[in-house]
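Student: Pasting my_file-v3.txt here (compact mmCIF, C-alpha atoms):
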# COMPACT_ATOMS: atom_id res chain seq x y z
CA MET A 1 37.37 35.52 1.89
CA LYS A 2 38.69 32.77 4.11
CA LEU A 3 38.09 29.11 3.24
CA PHE A 4 35.91 28.44 6.28
CA GLN A 5 33.71 31.44 5.41
CA GLN A 6 33.34 30.13 1.87
CA LEU A 7 32.11 26.80 3.16
CA LEU A 8 29.58 28.57 5.36
CA ILE A 9 28.27 30.60 2.43
CA ALA A 10 27.99 27.56 0.13
CA PRO A 11 24.92 26.02 1.89
CA ALA A 12 23.15 29.37 1.74
CA ALA A 13 23.74 29.53 -1.98
CA LEU A 14 22.39 26.00 -2.34
CA GLY A 15 19.25 26.99 -0.46
CA LEU A 16 18.63 29.82 -2.91
CA LEU A 17 19.00 27.42 -5.81
CA ALA A 18 16.67 24.76 -4.29
CA PRO A 19 13.44 26.36 -5.65
CA LEU A 20 14.68 25.49 -9.10
CA ALA A 21 13.91 21.86 -8.33
CA ALA A 22 10.40 22.26 -6.93
CA ASN A 23 9.21 20.38 -9.99
CA ALA A 24 12.00 18.20 -11.32
CA ALA A 25 10.18 17.61 -14.61
CA GLU A 26 10.46 21.34 -15.46
CA VAL A 27 14.14 21.81 -14.63
CA ASN A 28 16.42 22.32 -17.63
CA ILE A 29 19.78 23.82 -18.42
CA ASN A 30 18.34 27.13 -19.63
CA ASP A 31 16.54 27.61 -16.30
CA VAL A 32 19.78 27.06 -14.43
CA ALA A 33 21.62 29.48 -16.73
CA GLY A 34 19.08 32.16 -15.93
CA TYR A 35 20.36 32.32 -12.38
CA THR A 36 23.96 33.05 -13.39
CA THR A 37 25.51 36.51 -13.47
CA PRO A 38 23.83 38.63 -16.20
CA GLY A 39 25.85 38.59 -19.36
CA ALA A 40 27.97 35.64 -18.26
CA GLU A 41 28.39 32.79 -20.69
CA VAL A 42 27.81 29.20 -19.60
CA SER A 43 30.21 26.76 -21.21
CA THR A 44 28.76 23.48 -22.39
CA SER A 45 31.81 21.79 -20.86
CA GLN A 46 30.33 22.67 -17.48
CA PHE A 47 27.78 19.88 -17.98
CA SER A 48 30.18 17.21 -19.29
CA ASP A 49 31.31 14.14 -17.35
CA VAL A 50 34.05 14.30 -14.74
CA VAL A 51 36.90 12.19 -16.14
CA PRO A 52 40.37 11.17 -14.90
CA GLY A 53 42.81 14.03 -15.32
CA ASP A 54 40.29 16.74 -14.36
CA TRP A 55 41.11 18.70 -11.23
CA ALA A 56 37.63 17.86 -9.90
CA TYR A 57 38.25 14.15 -10.40
CA THR A 58 41.45 14.26 -8.32
CA ALA A 59 39.87 16.51 -5.70
CA LEU A 60 36.94 14.11 -5.30
CA GLN A 61 39.33 11.20 -4.88
CA ASN A 62 41.21 13.00 -2.12
CA LEU A 63 38.04 14.20 -0.41
CA SER A 64 36.39 10.77 -0.41
CA GLU A 65 39.47 9.25 1.23
CA SER A 66 39.89 11.97 3.85
CA ALA A 67 36.18 12.07 4.71
CA GLY A 68 35.78 8.28 4.84
CA CYS A 69 33.42 8.03 1.86
CA VAL A 70 35.36 5.25 0.15
CA GLU A 71 32.50 2.77 0.62
CA ASN A 72 30.29 4.92 -1.61
CA THR A 73 29.70 3.39 -5.05
CA TYR A 74 30.81 6.55 -6.80
CA ALA A 75 33.99 6.71 -4.71
CA GLN A 76 34.78 3.14 -5.75
CA ASN A 77 34.27 4.15 -9.39
CA LEU A 78 36.83 6.89 -8.84
CA GLN A 79 39.32 4.40 -7.46
CA ASN A 80 38.78 2.22 -10.55
CA GLY A 81 39.37 5.12 -12.90
CA GLN A 82 35.76 5.35 -14.14
CA SER A 83 34.25 8.68 -15.10
CA LEU A 84 31.31 10.25 -13.27
CA THR A 85 28.48 12.43 -14.46
CA ARG A 86 28.21 15.80 -12.78
CA TYR A 87 25.16 14.63 -10.84
CA GLU A 88 27.04 11.54 -9.61
CA ALA A 89 29.92 13.78 -8.57
CA ALA A 90 27.45 16.10 -6.77
CA ALA A 91 25.89 13.11 -4.97
CA LEU A 92 29.32 11.92 -3.82
CA LEU A 93 30.31 15.40 -2.68
CA ASN A 94 27.07 15.76 -0.71
CA ALA A 95 27.56 12.37 0.97
CA CYS A 96 31.10 13.29 2.04
CA LEU A 97 30.07 16.70 3.38
CA GLU A 98 27.10 15.27 5.28
CA GLY A 99 29.35 12.60 6.75
CA GLY A 100 31.30 15.34 8.51
CA ILE A 101 34.78 16.66 7.87
CA ALA A 102 37.17 17.65 10.63
CA SER A 103 38.30 21.27 10.57
CA ALA A 104 41.87 20.18 9.82
CA GLU A 105 40.65 18.52 6.65
CA LEU A 106 39.04 21.69 5.23
CA ASN A 107 40.91 22.79 2.15
CA SER A 108 40.51 24.90 -0.91
CA ASP A 109 39.54 21.87 -3.02
CA ALA A 110 36.48 21.20 -0.81
CA ALA A 111 35.34 24.81 -1.16
CA ARG A 112 36.00 24.76 -4.90
CA LEU A 113 34.06 21.53 -5.35
CA SER A 114 31.09 23.03 -3.46
CA THR A 115 31.12 25.94 -5.86
CA GLU A 116 31.63 23.78 -8.94
CA PHE A 117 28.79 21.36 -8.25
CA GLY A 118 26.49 23.69 -6.30
CA THR A 119 23.85 23.75 -9.04
CA GLU A 120 23.68 19.97 -9.34
CA MET A 121 23.53 19.58 -5.56
CA ALA A 122 20.61 22.02 -5.38
CA ILE A 123 18.70 20.15 -8.10
CA LEU A 124 19.28 16.81 -6.38
CA LYS A 125 18.08 18.26 -3.08
CA GLY A 126 14.90 19.51 -4.73
CA ARG A 127 14.20 16.13 -6.26
CA VAL A 128 14.70 14.36 -2.91
CA ASP A 129 12.42 16.85 -1.14
CA GLY A 130 9.77 16.36 -3.80
CA LEU A 131 9.96 12.58 -3.44
CA GLU A 132 9.66 12.78 0.35
CA TYR A 133 6.58 15.00 -0.07
CA LYS A 134 4.96 12.47 -2.40
CA VAL A 135 5.67 9.65 0.07
CA GLU A 136 4.09 11.66 2.87
CA GLU A 137 1.00 12.26 0.71
CA LEU A 138 0.66 8.53 0.04
CA SER A 139 1.23 7.59 3.69
CA ALA A 140 -1.38 10.10 4.89
CA GLY A 141 -4.24 8.04 3.37
CA ALA A 142 -2.89 4.60 4.28
CA PHE A 143 -3.48 2.30 7.24
CA SER A 144 -0.96 2.37 10.02
CA SER A 145 1.87 -0.07 9.37
CA ALA A 146 0.99 -1.63 12.72
CA THR A 147 -2.56 -2.50 11.58
CA LYS A 148 -3.34 -5.82 9.92
CA MET A 149 -6.67 -6.25 8.15
CA THR A 150 -8.13 -9.64 7.24
CA GLY A 151 -11.54 -10.49 5.89
CA SER A 152 -13.84 -13.37 5.10
CA SER A 153 -17.16 -14.05 3.43
CA VAL A 154 -19.39 -17.11 3.20
CA PHE A 155 -22.03 -17.87 0.56
CA THR A 156 -24.48 -20.53 1.80
CA THR A 157 -27.05 -22.37 -0.32
CA GLY A 158 -29.25 -25.31 0.70
CA TRP A 159 -32.66 -26.62 1.59
CA LEU A 160 -34.54 -28.34 4.41
CA ASP A 161 -36.72 -31.44 4.19
CA THR A 162 -39.26 -31.26 7.00
CA ASP A 163 -42.70 -32.66 7.78
CA THR A 164 -44.37 -29.37 6.92
CA ALA A 165 -45.89 -28.19 3.63
CA THR A 166 -43.26 -25.46 3.26
CA ASP A 167 -40.20 -27.72 3.06
CA ASN A 168 -37.77 -28.33 0.20
CA LYS A 169 -37.40 -24.64 -0.60
CA LEU A 170 -34.02 -23.55 -1.95
CA ALA A 171 -32.56 -20.80 0.23
CA SER A 172 -29.44 -18.64 0.04
CA GLU A 173 -27.70 -16.77 2.87
CA PHE A 174 -24.44 -14.90 3.34
CA ASN A 175 -22.16 -13.19 5.79
CA PHE A 176 -19.21 -10.82 5.43
CA LYS A 177 -16.64 -9.98 8.10
CA ILE A 178 -13.57 -7.74 8.45
CA ASP A 179 -11.06 -8.14 11.30
CA LEU A 180 -8.65 -5.36 12.26
CA ASN A 181 -5.70 -6.01 14.58
CA THR A 182 -3.58 -3.04 15.64
CA SER A 183 -0.48 -3.11 17.85
CA PHE A 184 0.97 0.00 19.46
CA THR A 185 3.89 -1.58 21.34
CA GLY A 186 4.42 -4.87 19.53
CA MET A 187 3.06 -6.75 22.55
CA ASP A 188 -0.51 -5.42 22.69
CA ASN A 189 -3.50 -5.73 20.34
CA LEU A 190 -6.59 -3.63 19.59
CA TYR A 191 -9.14 -5.92 17.95
CA THR A 192 -12.13 -4.73 15.91
CA GLU A 193 -14.62 -7.03 14.18
CA ILE A 194 -17.01 -5.57 11.60
CA GLU A 195 -19.70 -7.91 10.28
CA THR A 196 -22.88 -8.10 8.29
CA GLY A 197 -25.06 -10.87 6.92
CA ASN A 198 -28.48 -12.49 6.96
CA GLN A 199 -27.45 -15.74 8.66
CA ASN A 200 -28.55 -16.31 12.23
CA ASP A 201 -26.37 -18.55 14.34
CA LEU A 202 -28.94 -18.78 17.16
CA VAL A 203 -32.17 -19.81 15.41
CA MET A 204 -32.15 -23.34 14.05
CA ASP A 205 -35.74 -23.82 12.99
CA SER A 206 -35.87 -21.68 9.84
CA GLN A 207 -32.19 -21.30 8.96
CA ILE A 208 -30.18 -23.61 6.73
CA ASN A 209 -26.98 -22.69 8.54
CA THR A 210 -26.37 -22.34 12.26
CA THR A 211 -22.58 -22.54 12.32
CA GLU A 212 -19.93 -20.10 13.45
CA SER A 213 -19.81 -18.77 9.88
CA GLY A 214 -23.20 -17.15 10.45
CA GLY A 215 -23.36 -13.40 11.04
CA GLY A 216 -26.05 -11.16 12.41
CA ALA A 217 -29.49 -11.67 10.89
CA THR A 218 -30.12 -7.92 10.48
CA ASN A 219 -28.17 -7.60 7.20
CA GLU A 220 -26.69 -4.34 8.52
CA LEU A 221 -23.04 -3.48 8.94
CA GLN A 222 -22.22 -3.71 12.65
CA VAL A 223 -19.22 -3.52 14.95
CA LYS A 224 -19.51 -6.93 16.61
CA SER A 225 -16.36 -6.91 18.76
CA LEU A 226 -14.08 -4.19 20.11
CA TRP A 227 -11.50 -4.88 22.79
CA TYR A 228 -7.87 -4.26 23.77
CA ALA A 229 -5.39 -6.84 25.11
CA PHE A 230 -1.99 -6.22 26.72
CA PRO A 231 0.50 -8.21 28.81
CA VAL A 232 1.00 -7.73 32.53
CA GLY A 233 3.85 -9.94 33.67
CA ASP A 234 2.97 -13.53 32.76
CA PHE A 235 -0.72 -12.66 32.30
CA THR A 236 -2.70 -11.16 29.43
CA VAL A 237 -5.37 -8.58 30.31
CA THR A 238 -8.26 -7.98 27.91
CA ALA A 239 -10.94 -5.30 28.23
CA GLY A 240 -13.39 -3.52 25.98
CA PRO A 241 -16.95 -2.34 25.37
CA LEU A 242 -17.74 -5.27 23.03
CA LEU A 243 -16.21 -8.44 24.44
CA ASP A 244 -17.69 -11.86 23.64
CA GLN A 245 -18.00 -14.27 26.53
CA ASP A 246 -15.97 -16.86 24.62
CA ASP A 247 -13.27 -14.46 23.35
CA VAL A 248 -11.03 -15.26 26.31
CA ILE A 249 -11.41 -18.90 27.36
CA SER A 250 -8.00 -20.50 27.64
CA ALA A 251 -9.20 -24.12 27.94
CA THR A 252 -9.51 -26.14 24.72
CA THR A 253 -12.35 -28.62 25.23
CA SER A 254 -12.65 -29.66 21.58
CA ILE A 255 -10.70 -29.46 18.32
CA TYR A 256 -13.68 -30.48 16.17
CA SER A 257 -13.94 -28.14 13.17
CA SER A 258 -17.49 -27.04 14.13
CA ALA A 259 -17.84 -25.36 10.73
CA PHE A 260 -21.22 -26.76 9.72
CA ARG A 261 -24.20 -26.79 12.12
CA LEU A 262 -23.47 -28.42 15.47
CA ALA A 263 -21.70 -26.67 18.37
CA GLU A 264 -20.02 -28.55 21.19
CA MET A 265 -20.83 -26.27 24.16
CA PRO A 266 -24.02 -24.23 23.65
CA TRP A 267 -24.01 -22.84 27.21
CA GLY A 268 -20.38 -22.89 28.30
CA THR A 269 -19.30 -20.96 25.20
CA ALA A 270 -22.50 -19.10 24.37
CA GLY A 271 -20.55 -16.03 23.23
CA THR A 272 -22.79 -13.41 24.83
CA THR A 273 -21.50 -9.89 24.03
CA GLY A 274 -21.15 -6.92 26.36
CA ALA A 275 -18.68 -4.67 28.12
CA GLY A 276 -16.18 -6.83 29.92
CA ALA A 277 -12.71 -7.70 31.08
CA ALA A 278 -10.67 -10.89 31.18
CA LEU A 279 -7.46 -12.32 32.59
CA GLU A 280 -5.59 -15.20 30.92
CA TYR A 281 -2.52 -17.25 31.85
CA LEU A 282 -0.69 -19.69 29.57
CA ALA A 283 2.10 -21.72 31.16
CA ASP A 284 5.01 -23.20 29.22
CA ASN A 285 4.22 -26.70 30.53
CA GLY A 286 0.78 -26.84 28.83
CA TRP A 287 -1.43 -25.70 31.71
CA ASN A 288 -3.62 -22.65 31.26
CA GLY A 289 -6.36 -20.71 33.02
CA SER A 290 -8.68 -17.78 32.40
CA PHE A 291 -11.40 -15.67 33.96
CA ASN A 292 -13.71 -13.19 32.27
CA ILE A 293 -16.81 -11.20 33.14
CA VAL A 294 -19.20 -9.61 30.64
CA SER A 295 -22.06 -7.22 31.35
CA THR A 296 -24.78 -7.09 28.71
CA GLU A 297 -26.45 -3.99 30.22
CA ALA A 298 -23.37 -1.77 30.49
CA SER A 299 -24.58 0.59 27.75
CA ASP A 300 -27.86 1.21 29.64
CA ALA A 301 -27.29 3.80 32.37
CA SER A 302 -30.49 2.73 34.13
CA GLN A 303 -29.16 -0.83 34.52
CA GLY A 304 -25.39 -0.45 34.68
CA ALA A 305 -22.55 -2.94 34.65
CA TYR A 306 -22.00 -5.43 37.48
CA THR A 307 -25.14 -4.39 39.35
CA LEU A 308 -28.13 -6.26 40.73
CA GLU A 309 -30.29 -4.85 37.94
CA GLY A 310 -28.00 -5.72 35.04
CA GLN A 311 -27.21 -9.11 33.53
CA ASP A 312 -23.62 -10.17 34.22
CA ILE A 313 -21.93 -13.35 33.05
CA TRP A 314 -18.64 -14.60 34.41
CA THR A 315 -16.69 -17.58 33.09
CA ALA A 316 -13.73 -19.46 34.53
CA SER A 317 -11.71 -22.14 32.76
CA ILE A 318 -8.71 -24.37 33.34
CA GLY A 319 -7.09 -26.63 30.78
CA TYR A 320 -4.10 -28.65 29.69
CA ASP A 321 -2.74 -29.07 26.15
CA ALA A 322 -0.11 -31.58 25.04
CA ALA A 323 1.13 -32.54 21.60
CA ASN A 324 -1.49 -35.22 20.86
CA PHE A 325 -4.17 -34.70 23.50
CA GLY A 326 -5.67 -32.17 25.86
CA GLY A 327 -8.80 -31.00 27.56
CA GLY A 328 -10.38 -28.49 29.84
CA ILE A 329 -13.16 -27.46 32.21
CA ILE A 330 -15.41 -24.42 31.79
CA TYR A 331 -17.76 -23.00 34.42
CA THR A 332 -20.19 -20.15 33.63
CA ASP A 333 -22.47 -18.16 35.93
CA ASN A 334 -25.22 -15.99 34.42
CA ASP A 335 -27.14 -13.99 37.02
CA MET A 336 -29.82 -12.93 34.45
CA GLY A 337 -30.28 -9.69 36.41
CA LEU A 338 -31.66 -11.62 39.39
CA ALA A 339 -30.53 -10.85 42.92
CA ASP A 340 -30.43 -14.34 44.43
CA ALA A 341 -30.55 -16.70 41.47
CA ALA A 342 -28.51 -17.53 38.38
CA ASP A 343 -28.25 -19.98 35.52
CA THR A 344 -24.99 -21.90 35.69
CA SER A 345 -23.30 -24.29 33.31
CA PHE A 346 -20.51 -26.80 33.72
CA GLY A 347 -18.65 -28.15 30.73
CA VAL A 348 -15.81 -30.59 30.28
CA GLY A 349 -14.13 -31.79 27.11
CA VAL A 350 -11.18 -33.82 25.88
CA TYR A 351 -9.55 -34.29 22.49
CA PHE A 352 -7.08 -36.70 20.93
CA ARG A 353 -4.85 -36.62 17.83
CA PRO A 354 -3.95 -40.27 17.13
CA ASP A 355 -1.56 -40.96 14.28
CA ASP A 356 -3.19 -41.89 10.94
CA LEU A 357 -6.66 -41.73 12.52
CA PRO A 358 -9.34 -39.04 12.74
CA THR A 359 -9.00 -36.47 15.50
CA ILE A 360 -11.50 -37.22 18.26
CA SER A 361 -13.31 -34.62 20.36
CA ILE A 362 -15.76 -35.37 23.17
CA ALA A 363 -17.49 -32.45 24.90
CA TYR A 364 -20.20 -32.45 27.56
CA ASP A 365 -22.09 -29.33 28.67
CA GLN A 366 -24.74 -29.15 31.41
CA LEU A 367 -27.05 -26.22 32.17
CA SER A 368 -28.58 -25.72 35.61
CA ASP A 369 -31.57 -23.52 34.82
CA ASN A 370 -32.82 -21.33 37.67
CA ASP A 371 -36.47 -21.41 36.65
CA ALA A 372 -36.76 -24.53 34.47
CA THR A 373 -35.63 -28.13 34.11
CA ASP A 374 -31.91 -28.66 33.64
CA SER A 375 -30.48 -29.45 30.19
CA SER A 376 -27.41 -31.23 28.84
CA ASN A 377 -25.52 -31.56 25.58
CA LEU A 378 -23.04 -34.27 24.51
CA LEU A 379 -21.13 -34.02 21.23
CA VAL A 380 -18.66 -36.41 19.63
CA GLY A 381 -16.84 -34.97 16.61
CA LEU A 382 -14.33 -36.45 14.15
CA ASP A 383 -12.07 -34.75 11.58
CA TYR A 384 -10.04 -36.72 9.05
CA PRO A 385 -7.74 -35.44 6.25
CA LEU A 386 -8.99 -36.93 2.98
CA GLY A 387 -7.29 -35.98 -0.24
CA ASP A 388 -6.59 -32.27 -0.23
CA GLY A 389 -9.54 -31.55 2.06
CA THR A 390 -11.03 -32.61 5.39
CA LEU A 391 -13.94 -34.97 6.05
CA SER A 392 -15.84 -34.22 9.26
CA ALA A 393 -18.68 -35.91 11.12
CA ALA A 394 -20.39 -35.39 14.46
CA PHE A 395 -23.22 -36.74 16.58
CA GLN A 396 -24.99 -34.68 19.21
CA SER A 397 -27.32 -35.84 21.98
CA VAL A 398 -29.41 -33.09 23.55
CA ASP A 399 -31.59 -33.32 26.66
CA SER A 400 -33.45 -30.02 26.71
CA GLN A 401 -35.78 -29.57 29.66
CA GLY A 402 -36.69 -33.24 29.77
CA THR A 403 -36.93 -33.83 26.00
CA SER A 404 -34.17 -35.92 24.42
CA THR A 405 -33.22 -35.49 20.78
CA GLY A 406 -30.34 -36.50 18.54
CA ASN A 407 -28.62 -34.63 15.69
CA TRP A 408 -25.91 -35.60 13.22
CA GLU A 409 -23.89 -34.09 10.36
CA ILE A 410 -21.35 -35.15 7.73
CA TYR A 411 -19.54 -32.64 5.54
CA TYR A 412 -16.40 -32.22 3.45
CA ASN A 413 -14.29 -29.08 3.06
CA TYR A 414 -12.11 -28.77 -0.05
CA PRO A 415 -9.63 -25.87 -0.52
CA ILE A 416 -9.52 -24.60 -4.10
CA ASN A 417 -6.59 -22.29 -3.29
CA ASP A 418 -5.24 -20.34 -0.32
CA GLY A 419 -8.21 -17.97 -0.29
CA VAL A 420 -11.19 -20.02 -1.50
CA SER A 421 -12.68 -23.30 -0.26
CA ILE A 422 -15.94 -25.15 -0.91
CA GLN A 423 -17.81 -27.13 1.70
CA GLY A 424 -20.77 -29.45 1.24
CA GLY A 425 -22.64 -31.72 3.59
CA ILE A 426 -25.84 -33.24 4.88
CA PHE A 427 -27.42 -33.14 8.34
CA GLY A 428 -30.28 -34.58 10.29
CA GLU A 429 -32.19 -33.22 13.28
CA GLU A 430 -34.68 -34.86 15.58
CA VAL A 431 -36.82 -31.87 16.50
CA THR A 432 -39.31 -33.93 18.52
CA SER A 433 -39.93 -37.64 18.88
CA THR A 434 -42.30 -37.45 15.90
CA ASP A 435 -40.66 -34.72 13.79
CA ASP A 436 -37.40 -35.25 11.91
CA ARG A 437 -35.61 -32.80 9.65
CA GLN A 438 -32.90 -33.35 7.06
CA GLY A 439 -31.03 -30.90 4.90
CA PHE A 440 -28.26 -30.33 2.40
CA VAL A 441 -25.94 -27.31 2.39
CA VAL A 442 -23.18 -26.08 0.05
CA GLU A 443 -20.98 -23.21 1.19
CA THR A 444 -18.18 -21.20 -0.42
CA PHE A 445 -15.64 -19.62 1.91
CA PHE A 446 -13.53 -16.61 0.90
CA THR A 447 -10.65 -15.35 3.02
CA PHE A 448 -8.40 -12.40 2.27
Give the structure from the file, written as structure tokens.

Tutor:
Amino acid sequence: MKLFQQLLIAPAALGLLAPLAANAAEVNINDVAGYTTPGAEVSTSQFSDVVPGDWAYTALQNLSESAGCVENTYAQNLQNGQSLTRYEAAALLNACLEGGIASAELNSDAARLSTEFGTEMAILKGRVDGLEYKVEELSAGAFSSATKMTGSSVFTTGWLDTDTATDNKLASEFNFKIDLNTSFTGMDNLYTEIETGNQNDLVMDSQINTTESGGGATNELQVKSLWYAFPVGDFTVTAGPLLDQDDVISATTSIYSSAFRLAEMPWGTAGTTGAGAALEYLADNGWNGSFNIVSTEASDASQGAYTLEGQDIWTASIGYDAANFGGGIIYTDNDMGLADAADTSFGVGVYFRPDDLPTISIAYDQLSDNDATDSSNLLVGLDYPLGDGTLSAAFQSVDSQGTSTGNWEIYYNYPINDGVSIQGGIFGEEVTSTDDRQGFVVETFFTF
């Protein structure tokens, strides 16, 4: 048989031997011997190391040089005169053959080596195939490598001191949230927010916490946000069935932490959720702009999205951000499902980062109510690094439909480690001119 024919037959023989390695833990020398010619004796020297002076040792040296496998660790061991096990020799032979050998370089030594180490090459192939199968099994139940999951939870405990007979009752609330961010191109993002909790960030009267840490008050697991963002030229387009009104507002009107009770723009950044779309532009010189529209009735076929019957909210913003200061303007139009009338709000805010002083945020928000007296909200917030944590304080003046009230808060956030922080503070609310409310809250934040 010609040399080239022998080399063609060798892979077929290896394929027949591959089933021996289906379970590497069960492969042994006796099993291999069972596949030899009946009555043939297997010499124990067949399984000894390949040492200098053996014909196989010299043939492997020549083959590794001619096939360009000299960078292989085993080939370097050959050059240094070190012995190889038969499996190491088989691995080197396989690497050289897979690297490709020109027809002029085919010789009897290459065919003889394929025959000599065919068994070991088959066993190695079976082990590699088994490992790849195990990896595929593990990968089948895992998240996509392009998906990043983060989570957070907040435990809130506190009490209210009011003018009623039911005050000073210790209360405990919680929320839990999971965020999933998935990229399909490296430039886009599919965002999913899953949340549950018994905090209510809209009702202030009976809750000890009204901050952004609050979740839905239903205590049921819900998909709160679901949208997809992708670049189009210098713009970013965002669209989805669950888009919050404040998800895409480019202007930064405040850098106050807003992690306790008071919010700087209750109407300009109300965060109403619905089906929507948004367009955002961020310039390199600090200027930015955005536009979004959200329909709260899109899931109701009898109302529809962007119709006279459905409630649609659109928001436009423009802002500028520098190293130590910035600000922005936000305008919101909420048609409330009315044909010729809408509630509108206009907000403006600025912030400063002076050296060695607290950060300062001043935000003003005005609501023009279609069927009631207009309202306004002014908030001044300060954040100051103190020790390892941050001390924050804010004052809020609210004119709601002709009634003026004032609120304040002071709290301190201390990080225990990268994933846990504790926050405690006090607050005061002027509900009416004759009714004041004070409270104390301690919260534990977990992030993972």

Student: Applying 7 Å and only C-alpha atoms, which residues near Gln366 of chain A remain after dropping the ones on its own chain fewer than 4 positions away? List them as a ChimeraX atom specification.

Tutor: /A:345-347,375-377

Student: Write out as a list in words the residues lying within 8 Å of Asn407 of chain A, counting only C-alpha atoms and excluding same-chain residues fewer than 5 positions away.

Tutor: Phe395, Gln396, Ser397, Phe427, Gly428, Glu429 and Glu430 of chain A

Student: Ranking A:Ser295, A:Asn181, A:Thr269, A:Ser317 by minimum distance to Pro241 of chain A and counting all atoms listed in the file, which one comes first?

Tutor: A:Ser295

Student: Pull the closest atom pair for each residue of segment 224-295 of chain A that gets at most 12 Å from segment 433-447 of chain A, along with the distance in Å to one decimal, counting only C-alpha atoms, ordering rows by chain and then ascending residue number, as JSON lines.

Tutor:
{"residue": "A:Ala259", "atom": "CA", "partner": "A:Glu443", "partner_atom": "CA", "distance": 10.3}
{"residue": "A:Phe260", "atom": "CA", "partner": "A:Val441", "partner_atom": "CA", "distance": 8.7}
{"residue": "A:Arg261", "atom": "CA", "partner": "A:Val441", "partner_atom": "CA", "distance": 9.9}

Student: List as a ChimeraX atom specification the residues having at least one atom at most 9 Å from position (-19.8, -13.1, 5.6) as given in the file, counting all atoms listed in the file.

Tutor: /A:151-155,174-178,195-199,213-215,445-446

Student: Near Leu63 of chain A, within 8 Å and counting all atoms listed in the file, which residues show up once chain neighbours fewer than 4 positions away are dropped, as a PDB file with C-alpha atoms, in the coordinates of the input?

Tutor:
ATOM      1  CA  ALA A  59      39.870  16.510  -5.700  1.00  0.00           C
ATOM      2  CA  ALA A  67      36.180  12.070   4.710  1.00  0.00           C
ATOM      3  CA  CYS A  96      31.100  13.290   2.040  1.00  0.00           C
ATOM      4  CA  ALA A 110      36.480  21.200  -0.810  1.00  0.00           C
TER       5      ALA A 110
END
